[in-house]
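Okay, structure first, notes after.
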Amino acid sequence: MAANILFLSSTKKEVVFQILLHILLFLFFSFDRYVPSIQEFKIVAFLNYALGAFVINYVLLPRFFYKKNYLLFFLSVAVIVTTIIMIEELVFEPIYYPNTRGIQFQGVIYSLLDVMPVIMILVGFKFAWDASKKQLEVEELRSSATESELQFLKSQINPHFLFNNLNNLYSYAIEESPKTPSIILELSSVLRYMLYDCKEKYVSLSKEIDHLKNFTQLNELQIEERGKVGFKIENIQSEYRIAPLILMVFIENAFKHSTASQSNDISIEIDIHVSENGLLEFKCENSFRPITKTDTISKGIGLQNVKKRLLLLYPDAHELTISDSEEAYTVHLKMQLKRDTA
């Protein structure tokens, strides 16, 4: 239904455009500035040209040219132009100029110079219109495909996160840990945000930071006395917006790196700073023991996911650096935020 409405709207615009183009071209073709009048011969001649251009535009272009059958197209155009010239020379000129132009044929070159400018203008504008419409369709299709991919990538985050944290919650429940209710509350808060508050492509920066705090506190409960977690934010401005759940992946990976490779002395430092021009700098550094097999963590679905989202949403507005030393794994991300225009 929506496609039909768009088609009708596009067709209506094209009809209006073609009517205006024909009127302007007719006035330019037929009006004599020395004798301010429009001769009847000019009217019928222009109608002859316009009819030929109509056949080229709406029959030959879609049937032959757009299907890359160029030989048939140009042969058919030659037939159409020849027919137009013959009608003018054999019918119209003997009627309107019986004693002058109607007596003899003026020549092929003269006739082509009379006919081809009008035909070329009408056909050229139709070709440009079709090309513009096709480009618009391509852009809409590309935008739709990008949006679909973004929704797919974002949908992958929730099951991934939930799977990891439900396993941890199960372990605490088995041990009857007094921290289990706190973990449930933190998990509920984080999931509420992920399910209901971040459906848009971009969300408020302040809300995203609040979510990251809750997410960090949730994971911090799992470390207990085995280490420390630092979470530092600076100059967070509410007028900026950010793609949701991007930074969360790096924080989640930091906890997985550390807890999977260390039983104590865990260290995770998270630093988020926003400059006056909206450049966000995110740094997340975590300790880990390289002797353990944590390579698969950096190659998991989360990191692949976030890299794709950054390329789609911030193609020329981000810089991601991931490095590891003997005892630390560091993520440094710079991204130009979008200002809230609402």
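Residue numbers start at 1 in each chain; chains themselves are named A, B, ... in the order of the structure tokens; ligands are numbered from 1 in the order shown.
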
| query | Skipping near chain neighbours, those fewer than 3 positions away, what residues fall within 9 Å of Glu252 (chain A) using only C-alpha atoms, listed as a list in words? | reply | Phe161, Phe215, Thr216, Asn219, Leu247, Met248, Val249, Phe255, Lys256, His257 and Gly302 of chain A

| query | Tell me, which residues of region 113-251 of chain A carry DSSP helix (DSSP H, G or I), written as a PyMOL selection string? | reply | chain A and resi 113-174+180-197+205-223+246-251

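Residues within 10 Å of Ser275 (chain A), counting only C-alpha atoms and excluding same-chain residues fewer than 3 positions away, are Glu234, Asn235, Ile236, Gln237, Gly278, Leu279, Leu280, Glu281 and Gln336 of chain A.
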
For the selection you just gave me, I'd like the residues written to a file as an mmCIF file, in the first residue's frame, keeping N, CA and C atoms.
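Writing the result to again_14.cif gives the following:
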data_model
loop_
_atom_site.group_PDB
_atom_site.id
_atom_site.type_symbol
_atom_site.label_atom_id
_atom_site.label_comp_id
_atom_site.auth_asym_id
_atom_site.auth_seq_id
_atom_site.Cartn_x
_atom_site.Cartn_y
_atom_site.Cartn_z
ATOM 1 N N GLU A 234 34.006 12.621 32.986
ATOM 2 C CA GLU A 234 34.339 14.042 33.050
ATOM 3 C C GLU A 234 33.651 14.793 31.920
ATOM 4 N N ASN A 235 33.028 15.906 32.267
ATOM 5 C CA ASN A 235 32.432 16.829 31.287
ATOM 6 C C ASN A 235 31.363 16.156 30.429
ATOM 7 N N ILE A 236 30.514 15.344 31.045
ATOM 8 C CA ILE A 236 29.412 14.705 30.316
ATOM 9 C C ILE A 236 28.317 15.732 30.072
ATOM 10 N N GLN A 237 27.983 15.952 28.818
ATOM 11 C CA GLN A 237 27.015 16.977 28.442
ATOM 12 C C GLN A 237 25.770 16.322 27.858
ATOM 13 N N GLY A 278 32.423 18.089 21.455
ATOM 14 C CA GLY A 278 31.667 16.851 21.349
ATOM 15 C C GLY A 278 32.485 15.622 21.012
ATOM 16 N N LEU A 279 33.793 15.709 21.156
ATOM 17 C CA LEU A 279 34.641 14.543 20.916
ATOM 18 C C LEU A 279 34.720 13.705 22.191
ATOM 19 N N LEU A 280 34.196 12.493 22.136
ATOM 20 C CA LEU A 280 34.220 11.601 23.288
ATOM 21 C C LEU A 280 35.478 10.740 23.236
ATOM 22 N N GLU A 281 36.165 10.683 24.359
ATOM 23 C CA GLU A 281 37.324 9.802 24.492
ATOM 24 C C GLU A 281 37.017 8.770 25.570
ATOM 25 N N GLN A 336 33.252 11.198 17.411
ATOM 26 C CA GLN A 336 32.601 12.503 17.361
ATOM 27 C C GLN A 336 31.105 12.324 17.580
#

| Nearest candidate to Asn165 (chain A) (options A:Ile119, A:Ile87, A:Leu333, A:Ile184; using only C-alpha atoms) | A:Ile184

| request: Would you mind telling me which residue in A:Ile174, A:Leu25, A:Leu337, A:Val118 lies nearest to Ser204 (chain A) when using only C-alpha atoms? | output: A:Leu337

Skipping near chain neighbours, those fewer than 5 positions away, what residues fall within 12 Å of Ala50 (chain A) using only C-alpha atoms, listed as a JSON list (two decimals) with C-alpha atoms, in the first residue's frame?
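Once written, around-v1.json looks like this:
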[["chain", "number", "residue", "atom", "x", "y", "z"],
["A", 18, "GLN", "CA", 6.70, 17.09, -18.08],
["A", 19, "ILE", "CA", 3.77, 19.50, -18.60],
["A", 21, "LEU", "CA", 8.81, 21.35, -19.54],
["A", 22, "HIS", "CA", 6.65, 21.02, -22.67],
["A", 23, "ILE", "CA", 5.04, 24.44, -22.14],
["A", 25, "LEU", "CA", 9.97, 24.39, -24.63],
["A", 26, "PHE", "CA", 6.96, 25.10, -26.84],
["A", 29, "PHE", "CA", 10.37, 26.92, -30.00],
["A", 42, "LYS", "CA", 4.55, 25.76, -35.06],
["A", 43, "ILE", "CA", 1.80, 24.22, -32.91],
["A", 44, "VAL", "CA", 1.26, 21.15, -35.07],
["A", 45, "ALA", "CA", 5.00, 20.74, -35.68],
["A", 55, "VAL", "CA", 7.25, 7.23, -27.79],
["A", 56, "ILE", "CA", 11.02, 7.37, -27.20],
["A", 57, "ASN", "CA", 10.66, 8.27, -23.51],
["A", 58, "TYR", "CA", 7.96, 5.84, -22.45],
["A", 80, "ILE", "CA", 10.87, 7.63, -35.12],
["A", 81, "VAL", "CA", 12.90, 10.65, -36.25],
["A", 84, "ILE", "CA", 8.57, 12.79, -37.75],
["A", 115, "VAL", "CA", 13.74, 18.33, -35.26],
["A", 116, "MET", "CA", 16.61, 17.03, -33.13],
["A", 117, "PRO", "CA", 17.00, 19.94, -30.62],
["A", 118, "VAL", "CA", 13.44, 19.51, -29.38],
["A", 119, "ILE", "CA", 13.67, 15.71, -29.34],
["A", 120, "MET", "CA", 17.01, 15.73, -27.53],
["A", 121, "ILE", "CA", 15.80, 18.18, -24.87],
["A", 122, "LEU", "CA", 12.63, 16.19, -24.14],
["A", 123, "VAL", "CA", 14.41, 12.84, -24.12]]

| request: Enumerate as a PyMOL selection string all residues of region 96-261 of chain A assigned to strand (DSSP E or B) by DSSP on the backbone, naming them with the chain letters and numbers the document uses. | output: chain A and resi 203-204+227-234+240-242

| message | Could you list, as a count of residues only, every residue within 8 Å of Ala317 (chain A), counting only C-alpha atoms and ignoring same-chain residues fewer than 2 positions away? | response | 5

| message | Using only C-alpha atoms, which protein or nucleic acid residues come within 6 Å of Arg241 (chain A)? Drop anything in the same chain fewer than 2 positions from it, and give the result as an NGL selection string. | response | :A and (202-205 or 338-340)

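Shortest separation to Ile103 (chain A) among A:Val91, A:Asp197, A:Ala173, A:Ile209 occurs at residue A:Val91, atoms counted being only C-alpha atoms.
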
| request: Find the residues around Ile266 (chain A) up to 8 Å (only C-alpha atoms counted), leave out those fewer than 4 positions away in its own chain, and share them as a PyMOL selection string. | output: chain A and resi 223+226-228+258-259+262+286-288

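Across A:Ile85, A:Leu61, A:Leu195, A:Leu313, the tightest approach to Ala128 (chain A) is made by A:Leu61 when counting only C-alpha atoms.
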
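As for CA of Ser238 (chain A) and CA of Glu276 (chain A), they are spaced 12.1 Å apart.
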